[in-house]
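Structure file run_27.pdb; described as PDB, N, CA and C atoms.
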ATOM      1  N   MET A 292      13.899  16.438  17.409
ATOM      2  CA  MET A 292      13.311  16.928  16.181
ATOM      3  C   MET A 292      13.313  15.832  15.116
ATOM      4  N   GLN A 293      14.420  15.165  14.933
ATOM      5  CA  GLN A 293      14.506  14.110  13.936
ATOM      6  C   GLN A 293      13.575  12.956  14.303
ATOM      7  N   GLU A 294      13.401  12.722  15.582
ATOM      8  CA  GLU A 294      12.497  11.663  16.024
ATOM      9  C   GLU A 294      11.068  11.946  15.596
ATOM     10  N   SER A 295      10.667  13.211  15.640
ATOM     11  CA  SER A 295       9.305  13.557  15.232
ATOM     12  C   SER A 295       9.112  13.354  13.738
ATOM     13  N   VAL A 296      10.150  13.591  12.942
ATOM     14  CA  VAL A 296      10.076  13.365  11.500
ATOM     15  C   VAL A 296       9.939  11.878  11.219
ATOM     16  N   ILE A 297      10.692  11.085  11.925
ATOM     17  CA  ILE A 297      10.614   9.626  11.763
ATOM     18  C   ILE A 297       9.235   9.130  12.177
ATOM     19  N   LEU A 298       8.734   9.619  13.291
ATOM     20  CA  LEU A 298       7.414   9.227  13.770
ATOM     21  C   LEU A 298       6.333   9.613  12.759
ATOM     22  N   GLU A 299       6.427  10.805  12.215
ATOM     23  CA  GLU A 299       5.461  11.251  11.209
ATOM     24  C   GLU A 299       5.499  10.341   9.974
ATOM     25  N   HIS A 300       6.699  10.000   9.531
ATOM     26  CA  HIS A 300       6.861   9.111   8.374
ATOM     27  C   HIS A 300       6.258   7.732   8.659
ATOM     28  N   LEU A 301       6.504   7.203   9.839
ATOM     29  CA  LEU A 301       5.945   5.905  10.212
ATOM     30  C   LEU A 301       4.426   5.944  10.278
ATOM     31  N   GLN A 302       3.880   7.056  10.741
ATOM     32  CA  GLN A 302       2.427   7.186  10.789
ATOM     33  C   GLN A 302       1.834   7.220   9.382
ATOM     34  N   ARG A 303       2.509   7.875   8.455
ATOM     35  CA  ARG A 303       2.048   7.882   7.060
ATOM     36  C   ARG A 303       2.087   6.476   6.472
ATOM     37  N   ILE A 304       3.140   5.754   6.744
ATOM     38  CA  ILE A 304       3.247   4.374   6.259
ATOM     39  C   ILE A 304       2.120   3.533   6.848
ATOM     40  N   GLU A 305       1.882   3.693   8.129
ATOM     41  CA  GLU A 305       0.818   2.938   8.779
ATOM     42  C   GLU A 305      -0.533   3.232   8.121
ATOM     43  N   LYS A 306      -0.809   4.493   7.823
ATOM     44  CA  LYS A 306      -2.066   4.871   7.183
ATOM     45  C   LYS A 306      -2.169   4.256   5.784
ATOM     46  N   MET A 307      -1.076   4.274   5.028
ATOM     47  CA  MET A 307      -1.072   3.674   3.698
ATOM     48  C   MET A 307      -1.342   2.181   3.785
ATOM     49  N   LEU A 308      -0.759   1.525   4.770
ATOM     50  CA  LEU A 308      -0.987   0.093   4.953
ATOM     51  C   LEU A 308      -2.434  -0.202   5.343
ATOM     52  N   GLU A 309      -3.023   0.654   6.165
ATOM     53  CA  GLU A 309      -4.423   0.474   6.535
ATOM     54  C   GLU A 309      -5.319   0.581   5.306
ATOM     55  N   ILE A 310      -5.055   1.553   4.455
ATOM     56  CA  ILE A 310      -5.840   1.729   3.236
ATOM     57  C   ILE A 310      -5.646   0.543   2.308
ATOM     58  N   LEU A 311      -4.422   0.109   2.164
ATOM     59  CA  LEU A 311      -4.125  -1.041   1.311
ATOM     60  C   LEU A 311      -4.823  -2.294   1.834
ATOM     61  N   ASN A 312      -4.781  -2.511   3.136
ATOM     62  CA  ASN A 312      -5.449  -3.671   3.727
ATOM     63  C   ASN A 312      -6.955  -3.603   3.513
ATOM     64  N   ALA A 313      -7.525  -2.406   3.604
ATOM     65  CA  ALA A 313      -8.958  -2.255   3.371
ATOM     66  C   ALA A 313      -9.303  -2.612   1.928
ATOM     67  N   LYS A 314      -8.451  -2.194   0.995
ATOM     68  CA  LYS A 314      -8.680  -2.533  -0.407
ATOM     69  C   LYS A 314      -8.580  -4.041  -0.616
ATOM     70  N   ILE A 315      -7.609  -4.661  -0.011
ATOM     71  CA  ILE A 315      -7.436  -6.107  -0.158
ATOM     72  C   ILE A 315      -8.632  -6.839   0.460
ATOM     73  N   ASP A 316      -9.117  -6.352   1.587
ATOM     74  CA  ASP A 316     -10.267  -6.977   2.233
ATOM     75  C   ASP A 316     -11.522  -6.918   1.366
ATOM     76  N   ASN A 317     -11.581  -5.937   0.479
ATOM     77  CA  ASN A 317     -12.749  -5.795  -0.388
ATOM     78  C   ASN A 317     -12.723  -6.755  -1.574
ATOM     79  N   PHE A 318     -11.601  -7.391  -1.828
ATOM     80  CA  PHE A 318     -11.529  -8.361  -2.916
ATOM     81  C   PHE A 318     -12.279  -9.621  -2.506
ATOM     82  N   LEU A 319     -12.896 -10.278  -3.485
ATOM     83  CA  LEU A 319     -13.608 -11.520  -3.199
ATOM     84  C   LEU A 319     -12.645 -12.595  -2.730
ATOM     85  N   GLY A 320     -11.483 -12.620  -3.295
ATOM     86  CA  GLY A 320     -10.455 -13.578  -2.917
ATOM     87  C   GLY A 320      -9.257 -13.391  -3.833
ATOM     88  N   PHE A 321      -8.077 -13.609  -3.297
ATOM     89  CA  PHE A 321      -6.854 -13.383  -4.064
ATOM     90  C   PHE A 321      -6.832 -14.202  -5.342
ATOM     91  N   GLU A 322      -7.284 -15.456  -5.263
ATOM     92  CA  GLU A 322      -7.266 -16.330  -6.434
ATOM     93  C   GLU A 322      -8.255 -15.870  -7.503
ATOM     94  N   GLU A 323      -9.187 -15.001  -7.134
ATOM     95  CA  GLU A 323     -10.185 -14.514  -8.077
ATOM     96  C   GLU A 323      -9.808 -13.170  -8.696
ATOM     97  N   LEU A 324      -8.632 -12.651  -8.373
ATOM     98  CA  LEU A 324      -8.214 -11.362  -8.926
ATOM     99  C   LEU A 324      -7.928 -11.496 -10.410
ATOM    100  N   SER A 325      -8.240 -10.416 -11.136
ATOM    101  CA  SER A 325      -7.938 -10.396 -12.559
ATOM    102  C   SER A 325      -6.434 -10.174 -12.746
ATOM    103  N   GLU A 326      -5.975 -10.404 -13.951
ATOM    104  CA  GLU A 326      -4.559 -10.187 -14.261
ATOM    105  C   GLU A 326      -4.182  -8.723 -14.012
ATOM    106  N   GLU A 327      -5.085  -7.818 -14.360
ATOM    107  CA  GLU A 327      -4.840  -6.385 -14.149
ATOM    108  C   GLU A 327      -4.700  -6.055 -12.664
ATOM    109  N   GLU A 328      -5.560  -6.634 -11.830
ATOM    110  CA  GLU A 328      -5.498  -6.390 -10.393
ATOM    111  C   GLU A 328      -4.214  -6.955  -9.788
ATOM    112  N   LEU A 329      -3.799  -8.122 -10.257
ATOM    113  CA  LEU A 329      -2.544  -8.703  -9.776
ATOM    114  C   LEU A 329      -1.354  -7.829 -10.159
ATOM    115  N   GLU A 330      -1.385  -7.291 -11.377
ATOM    116  CA  GLU A 330      -0.314  -6.393 -11.811
ATOM    117  C   GLU A 330      -0.295  -5.124 -10.969
ATOM    118  N   GLU A 331      -1.476  -4.596 -10.645
ATOM    119  CA  GLU A 331      -1.554  -3.396  -9.813
ATOM    120  C   GLU A 331      -0.958  -3.658  -8.433
ATOM    121  N   LEU A 332      -1.262  -4.802  -7.852
ATOM    122  CA  LEU A 332      -0.678  -5.146  -6.553
ATOM    123  C   LEU A 332       0.838  -5.271  -6.644
ATOM    124  N   ASP A 333       1.337  -5.859  -7.731
ATOM    125  CA  ASP A 333       2.783  -5.972  -7.926
ATOM    126  C   ASP A 333       3.428  -4.593  -8.024
ATOM    127  N   GLU A 334       2.775  -3.672  -8.734
ATOM    128  CA  GLU A 334       3.298  -2.305  -8.881
ATOM    129  C   GLU A 334       3.331  -1.596  -7.528
ATOM    130  N   ILE A 335       2.262  -1.723  -6.760
ATOM    131  CA  ILE A 335       2.204  -1.095  -5.443
ATOM    132  C   ILE A 335       3.305  -1.645  -4.546
ATOM    133  N   GLU A 336       3.470  -2.951  -4.562
ATOM    134  CA  GLU A 336       4.501  -3.574  -3.735
ATOM    135  C   GLU A 336       5.892  -3.078  -4.128
ATOM    136  N   ALA A 337       6.169  -3.007  -5.433
ATOM    137  CA  ALA A 337       7.477  -2.542  -5.904
ATOM    138  C   ALA A 337       7.720  -1.093  -5.500
ATOM    139  N   GLU A 338       6.696  -0.242  -5.626
ATOM    140  CA  GLU A 338       6.836   1.163  -5.257
ATOM    141  C   GLU A 338       7.062   1.314  -3.752
ATOM    142  N   MET A 339       6.367   0.509  -2.972
ATOM    143  CA  MET A 339       6.538   0.593  -1.519
ATOM    144  C   MET A 339       7.934   0.143  -1.115
ATOM    145  N   GLU A 340       8.468  -0.874  -1.789
ATOM    146  CA  GLU A 340       9.819  -1.338  -1.475
ATOM    147  C   GLU A 340      10.859  -0.270  -1.781
ATOM    148  N   LYS A 341      10.597   0.546  -2.811
ATOM    149  CA  LYS A 341      11.513   1.633  -3.173
ATOM    150  C   LYS A 341      11.271   2.874  -2.334
ATOM    151  N   GLY A 342      10.188   2.867  -1.553
ATOM    152  CA  GLY A 342       9.872   4.022  -0.732
ATOM    153  C   GLY A 342       9.114   5.085  -1.491
ATOM    154  N   GLU A 343       8.621   4.761  -2.669
ATOM    155  CA  GLU A 343       7.871   5.732  -3.452
ATOM    156  C   GLU A 343       6.415   5.734  -3.023
ATOM    157  N   LYS A 344       5.771   6.852  -3.263
ATOM    158  CA  LYS A 344       4.355   6.968  -2.949
ATOM    159  C   LYS A 344       3.553   6.544  -4.153
ATOM    160  N   PHE A 345       2.325   6.142  -3.924
ATOM    161  CA  PHE A 345       1.450   5.742  -5.017
ATOM    162  C   PHE A 345       0.054   6.310  -4.748
ATOM    163  N   PRO A 346      -0.666   6.612  -5.816
ATOM    164  CA  PRO A 346      -2.020   7.160  -5.639
ATOM    165  C   PRO A 346      -2.978   6.079  -5.152
ATOM    166  N   LEU A 347      -3.805   6.421  -4.201
ATOM    167  CA  LEU A 347      -4.792   5.480  -3.701
ATOM    168  C   LEU A 347      -6.150   5.888  -4.260
ATOM    169  N   GLU A 348      -6.477   5.357  -5.398
ATOM    170  CA  GLU A 348      -7.715   5.718  -6.074
ATOM    171  C   GLU A 348      -8.709   4.606  -6.013
TER
END

So, in terms of structure tokens, how does the structure I just supplied come out?
Amino acid sequence: MQESVILEHLQRIEKMLEILNAKIDNFLGFEELSEEELEELDEIEAEMEKGEKFPLE
């Protein structure tokens, strides 16, 4: 039972990473990101490190 919970959690993380990668792929280039976009990426990274969820808008 606990294994299924862990598997479900890992699948959610995988889906979030796929969405994040798709968003990053849509950028023209990392060096061309605005200050606001760089801050947003920093916020997402910090939230993911804490295990918090973030809205994917």

(request) Report the distance between atom CA of A:His300 and atom CA of A:Ala313 in Å, rounded to one decimal place. (result)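 According to the coordinates, atom CA of A:His300 and atom CA of A:Ala313 are separated by 20.1 Å.
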
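The spacing separating atom N of A:Lys341 from atom CA of A:Arg303 amounts to 15.0 Å.
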
(request) Go ahead and compute the interatomic distance for atom CA of A:Glu331 and atom CA of A:Leu298, in Å to one decimal. (result)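 Here the two named atoms are 28.2 Å from each other.
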